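Source file: run-v1.cif. Holds: mmCIF, C-alpha atoms.
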```cif
data_structure
loop_
_atom_site.group_PDB
_atom_site.id
_atom_site.type_symbol
_atom_site.label_atom_id
_atom_site.label_comp_id
_atom_site.auth_asym_id
_atom_site.auth_seq_id
_atom_site.Cartn_x
_atom_site.Cartn_y
_atom_site.Cartn_z
ATOM 1 C CA ASP J 17 102.463 59.654 140.149
ATOM 2 C CA THR J 18 104.765 62.046 142.019
ATOM 3 C CA GLY J 19 107.929 59.933 141.790
ATOM 4 C CA VAL J 20 110.974 60.444 139.602
ATOM 5 C CA SER J 21 110.222 60.001 135.918
ATOM 6 C CA GLN J 22 112.572 59.372 133.021
ATOM 7 C CA ASP J 23 112.122 59.491 129.302
ATOM 8 C CA PRO J 24 112.555 57.524 127.132
ATOM 9 C CA ARG J 25 112.460 54.199 128.925
ATOM 10 C CA HIS J 26 114.349 52.477 126.130
ATOM 11 C CA LYS J 27 116.610 53.794 123.402
ATOM 12 C CA ILE J 28 118.296 51.839 120.636
ATOM 13 C CA THR J 29 120.761 53.770 118.548
ATOM 14 C CA LYS J 30 123.585 53.192 116.133
ATOM 15 C CA ARG J 31 127.169 53.852 117.081
ATOM 16 C CA GLY J 32 128.129 57.432 116.440
ATOM 17 C CA GLN J 33 124.666 58.900 116.956
ATOM 18 C CA ASN J 34 123.806 61.396 119.687
ATOM 19 C CA VAL J 35 121.172 60.616 122.296
ATOM 20 C CA THR J 36 119.484 62.704 124.976
ATOM 21 C CA PHE J 37 117.675 61.507 128.067
ATOM 22 C CA ARG J 38 115.382 63.449 130.352
ATOM 23 C CA CYS J 39 114.754 63.181 134.079
ATOM 24 C CA ASP J 40 111.995 64.848 136.080
ATOM 25 C CA PRO J 41 112.726 64.660 139.811
ATOM 26 C CA ILE J 42 110.288 64.636 142.706
ATOM 27 C CA SER J 43 108.992 68.190 142.716
ATOM 28 C CA GLU J 44 110.297 69.383 146.088
ATOM 29 C CA HIS J 45 113.727 67.760 145.656
ATOM 30 C CA ASN J 46 116.564 70.156 144.901
ATOM 31 C CA ARG J 47 119.284 67.570 144.322
ATOM 32 C CA LEU J 48 119.378 65.466 141.185
ATOM 33 C CA TYR J 49 121.814 62.658 140.412
ATOM 34 C CA TRP J 50 122.687 60.604 137.349
ATOM 35 C CA TYR J 51 124.030 57.074 137.652
ATOM 36 C CA ARG J 52 124.904 54.370 135.150
ATOM 37 C CA GLN J 53 124.398 50.667 135.696
ATOM 38 C CA THR J 54 125.738 47.769 133.645
ATOM 39 C CA LEU J 55 124.707 44.153 133.970
ATOM 40 C CA GLY J 56 125.760 42.507 137.199
ATOM 41 C CA GLN J 57 127.050 45.703 138.772
ATOM 42 C CA GLY J 58 125.644 48.269 141.123
ATOM 43 C CA PRO J 59 124.909 51.761 139.816
ATOM 44 C CA GLU J 60 127.906 54.073 139.398
ATOM 45 C CA PHE J 61 127.740 57.792 140.061
ATOM 46 C CA LEU J 62 128.053 60.099 137.044
ATOM 47 C CA THR J 63 127.132 63.601 138.156
ATOM 48 C CA TYR J 64 124.876 65.618 140.412
ATOM 49 C CA PHE J 65 123.117 68.967 140.603
ATOM 50 C CA GLN J 66 122.113 71.125 143.512
ATOM 51 C CA ASN J 67 119.344 73.222 142.009
ATOM 52 C CA GLU J 68 120.735 74.292 138.630
ATOM 53 C CA ALA J 69 124.401 74.037 139.584
ATOM 54 C CA GLN J 70 126.360 70.978 138.509
ATOM 55 C CA LEU J 71 128.562 70.370 141.526
ATOM 56 C CA GLU J 72 130.392 67.155 140.760
ATOM 57 C CA LYS J 73 131.251 65.017 137.776
ATOM 58 C CA SER J 74 132.721 61.533 137.899
ATOM 59 C CA ARG J 75 135.752 60.628 135.844
ATOM 60 C CA LEU J 76 133.363 58.191 134.137
ATOM 61 C CA LEU J 77 131.750 61.204 132.502
ATOM 62 C CA SER J 78 133.922 61.633 129.434
ATOM 63 C CA ASP J 79 133.777 64.755 127.290
ATOM 64 C CA ARG J 80 131.165 63.043 125.129
ATOM 65 C CA PHE J 81 128.730 63.293 128.030
ATOM 66 C CA SER J 82 127.025 66.479 129.096
ATOM 67 C CA ALA J 83 124.305 67.073 131.633
ATOM 68 C CA GLU J 84 122.201 70.143 132.294
ATOM 69 C CA ARG J 85 119.546 71.261 134.701
ATOM 70 C CA PRO J 86 118.782 74.732 133.364
ATOM 71 C CA LYS J 87 115.969 75.781 135.687
ATOM 72 C CA GLY J 88 116.715 73.585 138.629
ATOM 73 C CA SER J 89 113.842 71.252 137.797
ATOM 74 C CA PHE J 90 114.208 68.623 135.076
ATOM 75 C CA SER J 91 117.613 67.503 133.814
ATOM 76 C CA THR J 92 118.940 66.188 130.527
ATOM 77 C CA LEU J 93 121.879 63.878 129.887
ATOM 78 C CA GLU J 94 123.305 63.918 126.390
ATOM 79 C CA ILE J 95 125.765 61.422 124.980
ATOM 80 C CA GLN J 96 127.480 62.438 121.763
ATOM 81 C CA ARG J 97 129.026 60.016 119.276
ATOM 82 C CA THR J 98 127.759 56.990 121.160
ATOM 83 C CA GLU J 99 129.953 53.927 121.495
ATOM 84 C CA GLN J 100 128.979 50.331 122.182
ATOM 85 C CA GLY J 101 130.481 50.677 125.651
ATOM 86 C CA ASP J 102 127.855 53.295 126.460
ATOM 87 C CA SER J 103 125.181 50.590 126.466
ATOM 88 C CA ALA J 104 123.806 50.577 130.005
ATOM 89 C CA MET J 105 120.873 51.598 132.161
ATOM 90 C CA TYR J 106 120.992 55.321 132.949
ATOM 91 C CA LEU J 107 119.326 56.073 136.249
ATOM 92 C CA CYS J 108 118.262 59.387 137.673
ATOM 93 C CA ALA J 109 117.671 59.973 141.370
ATOM 94 C CA SER J 110 116.584 62.934 143.441
ATOM 95 C CA SER J 111 116.776 63.984 147.060
ATOM 96 C CA PHE J 112 116.154 66.930 149.341
ATOM 97 C CA ASP J 113 119.258 68.470 150.846
ATOM 98 C CA ARG J 114 117.542 69.189 154.174
ATOM 99 C CA SER J 115 117.093 65.467 154.699
ATOM 100 C CA SER J 116 119.604 64.371 157.326
ATOM 101 C CA TYR J 117 120.277 61.105 155.570
ATOM 102 C CA ASN J 118 119.948 62.270 151.961
ATOM 103 C CA GLU J 119 117.774 59.356 150.942
ATOM 104 C CA GLN J 120 117.708 59.218 147.159
ATOM 105 C CA PHE J 121 114.775 57.981 145.117
ATOM 106 C CA PHE J 122 115.301 56.565 141.673
ATOM 107 C CA GLY J 123 113.421 56.836 138.457
ATOM 108 C CA PRO J 124 112.707 53.791 136.260
ATOM 109 C CA GLY J 125 115.812 54.385 134.174
ATOM 110 C CA THR J 126 116.550 54.676 130.472
ATOM 111 C CA ARG J 127 117.993 51.530 128.956
ATOM 112 C CA LEU J 128 120.393 52.430 126.154
ATOM 113 C CA THR J 129 121.521 49.933 123.548
ATOM 114 C CA VAL J 130 124.188 51.049 121.096
ATOM 115 C CA LEU J 131 124.442 48.822 118.025
ATOM 116 C CA ARG I 6 139.823 47.282 146.398
ATOM 117 C CA LYS I 7 136.197 48.251 145.823
ATOM 118 C CA GLU I 8 134.797 50.934 148.094
ATOM 119 C CA VAL I 9 131.794 48.779 148.993
ATOM 120 C CA GLU I 10 132.000 45.004 148.934
ATOM 121 C CA GLN I 11 129.212 42.522 149.402
ATOM 122 C CA ASP I 12 128.861 38.793 149.843
ATOM 123 C CA PRO I 13 128.930 37.061 146.502
ATOM 124 C CA GLY I 14 125.603 35.546 145.483
ATOM 125 C CA PRO I 15 123.331 34.089 144.568
ATOM 126 C CA PHE I 16 121.650 33.017 147.793
ATOM 127 C CA ASN I 17 119.042 30.311 147.234
ATOM 128 C CA VAL I 18 116.849 29.767 150.282
ATOM 129 C CA PRO I 19 113.490 28.108 151.026
ATOM 130 C CA GLU I 20 110.480 30.118 152.077
ATOM 131 C CA GLY I 21 110.537 30.870 155.770
ATOM 132 C CA ALA I 22 114.309 30.831 156.039
ATOM 133 C CA THR I 23 116.371 33.522 157.681
ATOM 134 C CA VAL I 24 119.065 34.992 155.464
ATOM 135 C CA ALA I 25 121.837 37.469 156.237
ATOM 136 C CA PHE I 26 123.757 39.732 153.891
ATOM 137 C CA ASN I 27 127.037 41.322 154.824
ATOM 138 C CA CYS I 28 128.795 44.333 153.432
ATOM 139 C CA THR I 29 132.069 46.143 154.142
ATOM 140 C CA TYR I 30 133.097 49.625 153.138
ATOM 141 C CA SER I 31 136.565 51.050 152.859
ATOM 142 C CA ASN I 32 136.121 54.762 153.509
ATOM 143 C CA SER I 33 135.828 55.615 157.182
ATOM 144 C CA ALA I 34 134.414 59.024 156.179
ATOM 145 C CA SER I 35 131.215 57.329 155.034
ATOM 146 C CA GLN I 36 128.364 58.998 156.829
ATOM 147 C CA SER I 37 125.131 57.287 155.983
ATOM 148 C CA PHE I 38 124.220 53.819 154.928
ATOM 149 C CA PHE I 39 121.376 52.121 153.134
ATOM 150 C CA TRP I 40 120.057 48.899 151.761
ATOM 151 C CA TYR I 41 118.322 49.137 148.411
ATOM 152 C CA ARG I 42 116.376 46.389 146.719
ATOM 153 C CA GLN I 43 116.440 45.960 142.953
ATOM 154 C CA ASP I 44 114.140 43.685 140.996
ATOM 155 C CA CYS I 45 115.246 42.395 137.612
ATOM 156 C CA ARG I 46 115.467 45.212 135.053
ATOM 157 C CA LYS I 47 113.904 47.716 137.470
ATOM 158 C CA GLU I 48 115.281 50.665 139.372
ATOM 159 C CA PRO I 49 116.755 50.364 142.877
ATOM 160 C CA LYS I 50 114.212 51.031 145.602
ATOM 161 C CA LEU I 51 115.164 52.166 149.077
ATOM 162 C CA LEU I 52 114.559 49.286 151.479
ATOM 163 C CA MET I 53 115.869 50.903 154.634
ATOM 164 C CA SER I 54 118.364 53.384 155.970
ATOM 165 C CA VAL I 55 120.845 51.954 158.462
ATOM 166 C CA TYR I 56 121.243 53.839 161.711
ATOM 167 C CA SER I 57 124.139 53.628 164.121
ATOM 168 C CA SER I 58 122.060 51.902 166.770
ATOM 169 C CA GLY I 59 120.692 49.382 164.301
ATOM 170 C CA ASN I 60 117.108 49.368 163.178
ATOM 171 C CA GLU I 61 114.310 47.008 162.366
ATOM 172 C CA ASP I 62 111.409 47.215 159.948
ATOM 173 C CA GLY I 63 109.125 44.227 160.176
ATOM 174 C CA ARG I 64 111.061 41.170 159.034
ATOM 175 C CA PHE I 65 114.126 43.228 158.131
ATOM 176 C CA THR I 66 116.906 44.183 160.555
ATOM 177 C CA ALA I 67 119.916 46.299 159.643
ATOM 178 C CA GLN I 68 123.067 46.684 161.698
ATOM 179 C CA LEU I 69 126.039 49.028 161.400
ATOM 180 C CA ASN I 70 129.463 48.584 162.960
ATOM 181 C CA ARG I 71 131.481 51.715 162.276
ATOM 182 C CA ALA I 72 134.615 50.407 163.970
ATOM 183 C CA SER I 73 134.721 47.390 161.647
ATOM 184 C CA GLN I 74 133.208 49.304 158.700
ATOM 185 C CA TYR I 75 130.610 46.590 158.345
ATOM 186 C CA ILE I 76 126.894 46.642 157.537
ATOM 187 C CA SER I 77 124.449 43.763 157.629
ATOM 188 C CA LEU I 78 120.891 43.012 156.621
ATOM 189 C CA LEU I 79 118.892 40.185 158.146
ATOM 190 C CA ILE I 80 115.679 38.960 156.565
ATOM 191 C CA ARG I 81 113.522 36.701 158.724
ATOM 192 C CA ASP I 82 110.739 34.417 157.508
ATOM 193 C CA SER I 83 111.654 35.051 153.885
ATOM 194 C CA LYS I 84 108.871 35.245 151.312
ATOM 195 C CA LEU I 85 108.866 34.452 147.608
ATOM 196 C CA SER I 86 108.420 38.183 147.024
ATOM 197 C CA ASP I 87 111.752 38.893 148.730
ATOM 198 C CA SER I 88 113.529 37.469 145.668
ATOM 199 C CA ALA I 89 115.590 40.360 144.311
ATOM 200 C CA THR I 90 119.089 41.814 144.337
ATOM 201 C CA TYR I 91 120.038 43.611 147.548
ATOM 202 C CA LEU I 92 122.417 46.533 147.193
ATOM 203 C CA CYS I 93 124.547 47.826 150.045
ATOM 204 C CA VAL I 94 125.053 51.572 149.703
ATOM 205 C CA VAL I 95 127.136 54.206 151.459
ATOM 206 C CA ASN I 96 126.864 57.954 151.207
ATOM 207 C CA PHE I 97 129.538 60.612 151.680
ATOM 208 C CA LEU I 98 127.508 63.585 152.736
ATOM 209 C CA ASN I 99 130.508 65.897 152.548
ATOM 210 C CA GLN I 100 130.802 65.004 148.871
ATOM 211 C CA GLY I 101 127.318 66.101 147.944
ATOM 212 C CA GLY I 102 125.768 62.851 148.913
ATOM 213 C CA LYS I 103 126.681 60.695 145.950
ATOM 214 C CA LEU I 104 125.879 57.066 146.623
ATOM 215 C CA ILE I 105 128.488 54.355 146.350
ATOM 216 C CA PHE I 106 126.929 50.975 145.623
ATOM 217 C CA GLY I 107 128.142 47.475 146.171
ATOM 218 C CA GLN I 108 127.672 45.110 143.275
ATOM 219 C CA GLY I 109 124.622 43.557 144.905
ATOM 220 C CA THR I 110 123.724 40.140 146.211
ATOM 221 C CA GLU I 111 121.033 38.157 144.456
ATOM 222 C CA LEU I 112 118.473 36.397 146.627
ATOM 223 C CA SER I 113 116.181 33.696 145.316
ATOM 224 C CA VAL I 114 113.502 32.397 147.678
ATOM 225 C CA LYS I 115 112.041 29.070 146.610
ATOM 226 C CA PRO I 116 108.734 27.473 147.620
#
```

When written as structure tokens, how does the structure in this file appear?
Amino acid sequence: DTGVSQDPRHKITKRGQNVTFRCDPISEHNRLYWYRQTLGQGPEFLTYFQNEAQLEKSRLLSDRFSAERPKGSFSTLEIQRTEQGDSAMYLCASSFDRSSYNEQFFGPGTRLTVL
Amino acid sequence: RKEVEQDPGPFNVPEGATVAFNCTYSNSASQSFFWYRQDCRKEPKLLMSVYSSGNEDGRFTAQLNRASQYISLLIRDSKLSDSATYLCVVNFLNQGGKLIFGQGTELSVKP
């Protein structure tokens, strides 16, 4: 399967714990995006990378959140000191910046539950 | 005001019906437009990009009106398998291409 992959698919954690999610984009895609989706809402943008450079962060991304893409391939999203409000689906998407329309393709998501 | 607003759902229609979804966006700098489909507890999947001249893909037709900042999706001869949430999405290419999603409209096609 050459689509976007994410790991883990589900994560249950206790409040205050740290969690880390991984995203592997489509191999030729140089842009990688993280979004968060809560029940009944559309996904909301968190941050994006062009190659290894993090070019934009949403105000939703508090200082407890950090994302990296060290070699311009896979990316990790870490949440420190999780709170119940962090419970959501975390979606990763990738695209190719030469695409005129910047179509983005999503991975299956990581569903986080904070108890 | 939300940047992308969609018709409230859910839409409950019989098989074979034609259904239309509408969407408005607030930022005139929006540069590209999409409809994504999302099945329950799955990721959004790109249904179709929306081009300025309008475009059709089988039973699906998308229209864009930049002057009114309005996007539509028409589904003809709806199938049971069309049941899903339809997300209207805009993209600001000069902002790195982040997608702005509407909240989605749920469609349920009944036999």

Can you give me, as an MDAnalysis selection string, the residues this file yields under the PyMOL selection byres ((chain J) within 10 of (chain I))? chainID J and resid 47:51 53 55:66 71:72 105:109 111 113 116:127

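With atom CA of J:Ile95 on one side and atom CA of J:Gln33 on the other, the separation reads 8.5 Å.
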
Residues near J:Gly32, cut-off 10 Å, all atoms listed in the file, skip fewer than 2 positions along chain, as a PDB file with C-alpha atoms, in the coordinates of the input:
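Now in selection.pdb:
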```pdb
ATOM      1  CA  THR J  29     120.761  53.770 118.548  1.00  0.00           C
ATOM      2  CA  LYS J  30     123.585  53.192 116.133  1.00  0.00           C
ATOM      3  CA  ASN J  34     123.806  61.396 119.687  1.00  0.00           C
ATOM      4  CA  VAL J  35     121.172  60.616 122.296  1.00  0.00           C
ATOM      5  CA  ILE J  95     125.765  61.422 124.980  1.00  0.00           C
ATOM      6  CA  GLN J  96     127.480  62.438 121.763  1.00  0.00           C
ATOM      7  CA  ARG J  97     129.026  60.016 119.276  1.00  0.00           C
ATOM      8  CA  THR J  98     127.759  56.990 121.160  1.00  0.00           C
ATOM      9  CA  GLU J  99     129.953  53.927 121.495  1.00  0.00           C
ATOM     10  CA  GLN J 100     128.979  50.331 122.182  1.00  0.00           C
ATOM     11  CA  VAL J 130     124.188  51.049 121.096  1.00  0.00           C
ATOM     12  CA  LEU J 131     124.442  48.822 118.025  1.00  0.00           C
TER      13      LEU J 131
END
```

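Reported to one decimal place, the separation of atom CA of J:Ile42 from atom CA of I:Ser77 is 29.3 Å.
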
Just want the 8 Å neighbourhood of I:Ser33, counted on all atoms listed in the file, with same-chain residues fewer than 2 positions away dropped. Output as a PyMOL selection string. chain I and resi 30-31+35+71+74

For I:Gly59: contacts at 9 Å, all atoms listed in the file, fewer than 4 positions along chain excluded, given as a VMD selection string: chain I and resid 55 66 to 70

Tell me which residues the PyMOL selection byres ((chain J and resi 27) around 6) grabs here, as a ChimeraX atom specification. /J:26,28,128

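With only C-alpha atoms as the basis for measurement, I:Val24 is the residue among I:Val95, I:Ser113, I:Val24, I:Pro15 that approaches I:Phe65 most closely.
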
Contact residues around stretch 83-94 of chain J with all atoms listed in the file at 7 Å, ignoring same-chain residues under 2 positions, as an mmCIF file with C-alpha atoms, in the frame of the given file:
```cif
data_model
loop_
_atom_site.group_PDB
_atom_site.id
_atom_site.type_symbol
_atom_site.label_atom_id
_atom_site.label_comp_id
_atom_site.auth_asym_id
_atom_site.auth_seq_id
_atom_site.Cartn_x
_atom_site.Cartn_y
_atom_site.Cartn_z
ATOM 1 C CA VAL J 35 121.172 60.616 122.296
ATOM 2 C CA THR J 36 119.484 62.704 124.976
ATOM 3 C CA PHE J 37 117.675 61.507 128.067
ATOM 4 C CA ARG J 38 115.382 63.449 130.352
ATOM 5 C CA CYS J 39 114.754 63.181 134.079
ATOM 6 C CA ASP J 40 111.995 64.848 136.080
ATOM 7 C CA PRO J 41 112.726 64.660 139.811
ATOM 8 C CA ASN J 67 119.344 73.222 142.009
ATOM 9 C CA GLU J 68 120.735 74.292 138.630
ATOM 10 C CA PHE J 81 128.730 63.293 128.030
ATOM 11 C CA GLN J 96 127.480 62.438 121.763
#
```

Expected answer as JSON, numbers by chain: all residues with atoms within 6 Å of (125.3, 49.7, 127.5), only C-alpha atoms: {"J": [101, 102, 103, 104, 128, 129]}

Point-to-point distance in Å for atom CA of I:Leu112 and atom CA of I:Phe16: 4.8 Å

Taking the file as shown, what set of residues would the PyMOL selection byres ((chain I and resi 83) around 10) give back, as a ChimeraX atom specification? /I:18-24,64-65,79-82,84-88,113-115

Could I get stretch 54-83 of chain J rebuilt with N, CA and C atoms, written as a PDB file, in the frame of the given file?
```
ATOM      1  N   THR J  54     125.556  48.845 134.622  1.00  0.00           N
ATOM      2  CA  THR J  54     125.738  47.769 133.645  1.00  0.00           C
ATOM      3  C   THR J  54     125.405  46.440 134.316  1.00  0.00           C
ATOM      4  N   LEU J  55     125.202  45.445 133.500  1.00  0.00           N
ATOM      5  CA  LEU J  55     124.707  44.153 133.970  1.00  0.00           C
ATOM      6  C   LEU J  55     125.614  43.562 135.041  1.00  0.00           C
ATOM      7  N   GLY J  56     125.022  43.167 136.140  1.00  0.00           N
ATOM      8  CA  GLY J  56     125.760  42.507 137.199  1.00  0.00           C
ATOM      9  C   GLY J  56     126.511  43.424 138.134  1.00  0.00           C
ATOM     10  N   GLN J  57     126.361  44.731 137.926  1.00  0.00           N
ATOM     11  CA  GLN J  57     127.050  45.703 138.772  1.00  0.00           C
ATOM     12  C   GLN J  57     126.042  46.624 139.441  1.00  0.00           C
ATOM     13  N   GLY J  58     126.471  47.239 140.535  1.00  0.00           N
ATOM     14  CA  GLY J  58     125.644  48.269 141.123  1.00  0.00           C
ATOM     15  C   GLY J  58     125.751  49.557 140.321  1.00  0.00           C
ATOM     16  N   PRO J  59     124.825  50.474 140.514  1.00  0.00           N
ATOM     17  CA  PRO J  59     124.909  51.761 139.816  1.00  0.00           C
ATOM     18  C   PRO J  59     126.190  52.505 140.175  1.00  0.00           C
ATOM     19  N   GLU J  60     126.709  53.256 139.187  1.00  0.00           N
ATOM     20  CA  GLU J  60     127.906  54.073 139.398  1.00  0.00           C
ATOM     21  C   GLU J  60     127.540  55.541 139.192  1.00  0.00           C
ATOM     22  N   PHE J  61     128.022  56.362 140.095  1.00  0.00           N
ATOM     23  CA  PHE J  61     127.740  57.792 140.061  1.00  0.00           C
ATOM     24  C   PHE J  61     128.346  58.443 138.816  1.00  0.00           C
ATOM     25  N   LEU J  62     127.556  59.324 138.175  1.00  0.00           N
ATOM     26  CA  LEU J  62     128.053  60.099 137.044  1.00  0.00           C
ATOM     27  C   LEU J  62     128.195  61.577 137.392  1.00  0.00           C
ATOM     28  N   THR J  63     127.095  62.172 137.882  1.00  0.00           N
ATOM     29  CA  THR J  63     127.132  63.601 138.156  1.00  0.00           C
ATOM     30  C   THR J  63     125.952  63.977 139.031  1.00  0.00           C
ATOM     31  N   TYR J  64     126.038  65.173 139.667  1.00  0.00           N
ATOM     32  CA  TYR J  64     124.876  65.618 140.412  1.00  0.00           C
ATOM     33  C   TYR J  64     124.727  67.137 140.385  1.00  0.00           C
ATOM     34  N   PHE J  65     123.498  67.556 140.599  1.00  0.00           N
ATOM     35  CA  PHE J  65     123.117  68.967 140.603  1.00  0.00           C
ATOM     36  C   PHE J  65     122.486  69.321 141.945  1.00  0.00           C
ATOM     37  N   GLN J  66     122.837  70.495 142.405  1.00  0.00           N
ATOM     38  CA  GLN J  66     122.113  71.125 143.512  1.00  0.00           C
ATOM     39  C   GLN J  66     121.416  72.311 142.867  1.00  0.00           C
ATOM     40  N   ASN J  67     120.101  72.245 142.805  1.00  0.00           N
ATOM     41  CA  ASN J  67     119.344  73.222 142.009  1.00  0.00           C
ATOM     42  C   ASN J  67     119.878  73.193 140.575  1.00  0.00           C
ATOM     43  N   GLU J  68     120.272  74.318 140.022  1.00  0.00           N
ATOM     44  CA  GLU J  68     120.735  74.292 138.630  1.00  0.00           C
ATOM     45  C   GLU J  68     122.240  74.122 138.508  1.00  0.00           C
ATOM     46  N   ALA J  69     122.943  74.112 139.621  1.00  0.00           N
ATOM     47  CA  ALA J  69     124.401  74.037 139.584  1.00  0.00           C
ATOM     48  C   ALA J  69     124.884  72.585 139.555  1.00  0.00           C
ATOM     49  N   GLN J  70     125.739  72.296 138.576  1.00  0.00           N
ATOM     50  CA  GLN J  70     126.360  70.978 138.509  1.00  0.00           C
ATOM     51  C   GLN J  70     127.576  70.996 139.413  1.00  0.00           C
ATOM     52  N   LEU J  71     127.538  70.247 140.501  1.00  0.00           N
ATOM     53  CA  LEU J  71     128.562  70.370 141.526  1.00  0.00           C
ATOM     54  C   LEU J  71     129.641  69.301 141.473  1.00  0.00           C
ATOM     55  N   GLU J  72     129.368  68.196 140.836  1.00  0.00           N
ATOM     56  CA  GLU J  72     130.392  67.155 140.760  1.00  0.00           C
ATOM     57  C   GLU J  72     130.177  66.299 139.535  1.00  0.00           C
ATOM     58  N   LYS J  73     131.294  65.932 138.912  1.00  0.00           N
ATOM     59  CA  LYS J  73     131.251  65.017 137.776  1.00  0.00           C
ATOM     60  C   LYS J  73     132.251  63.896 138.017  1.00  0.00           C
ATOM     61  N   SER J  74     131.832  62.678 137.768  1.00  0.00           N
ATOM     62  CA  SER J  74     132.721  61.533 137.899  1.00  0.00           C
ATOM     63  C   SER J  74     133.696  61.483 136.729  1.00  0.00           C
ATOM     64  N   ARG J  75     134.814  60.818 136.956  1.00  0.00           N
ATOM     65  CA  ARG J  75     135.752  60.628 135.844  1.00  0.00           C
ATOM     66  C   ARG J  75     135.150  59.707 134.780  1.00  0.00           C
ATOM     67  N   LEU J  76     134.055  59.014 135.138  1.00  0.00           N
ATOM     68  CA  LEU J  76     133.363  58.191 134.137  1.00  0.00           C
ATOM     69  C   LEU J  76     132.701  59.056 133.067  1.00  0.00           C
ATOM     70  N   LEU J  77     132.451  60.305 133.405  1.00  0.00           N
ATOM     71  CA  LEU J  77     131.750  61.204 132.502  1.00  0.00           C
ATOM     72  C   LEU J  77     132.757  61.823 131.532  1.00  0.00           C
ATOM     73  N   SER J  78     132.953  61.133 130.405  1.00  0.00           N
ATOM     74  CA  SER J  78     133.922  61.633 129.434  1.00  0.00           C
ATOM     75  C   SER J  78     133.383  62.895 128.776  1.00  0.00           C
ATOM     76  N   ASP J  79     134.212  63.508 127.922  1.00  0.00           N
ATOM     77  CA  ASP J  79     133.777  64.755 127.290  1.00  0.00           C
ATOM     78  C   ASP J  79     132.669  64.541 126.271  1.00  0.00           C
ATOM     79  N   ARG J  80     132.307  63.283 126.014  1.00  0.00           N
ATOM     80  CA  ARG J  80     131.165  63.043 125.129  1.00  0.00           C
ATOM     81  C   ARG J  80     129.837  63.172 125.878  1.00  0.00           C
ATOM     82  N   PHE J  81     129.928  63.218 127.188  1.00  0.00           N
ATOM     83  CA  PHE J  81     128.730  63.293 128.030  1.00  0.00           C
ATOM     84  C   PHE J  81     128.548  64.728 128.521  1.00  0.00           C
ATOM     85  N   SER J  82     127.314  65.195 128.483  1.00  0.00           N
ATOM     86  CA  SER J  82     127.025  66.479 129.096  1.00  0.00           C
ATOM     87  C   SER J  82     125.657  66.426 129.747  1.00  0.00           C
ATOM     88  N   ALA J  83     125.563  67.047 130.898  1.00  0.00           N
ATOM     89  CA  ALA J  83     124.305  67.073 131.633  1.00  0.00           C
ATOM     90  C   ALA J  83     123.972  68.514 131.967  1.00  0.00           C
TER      91      ALA J  83
END
```
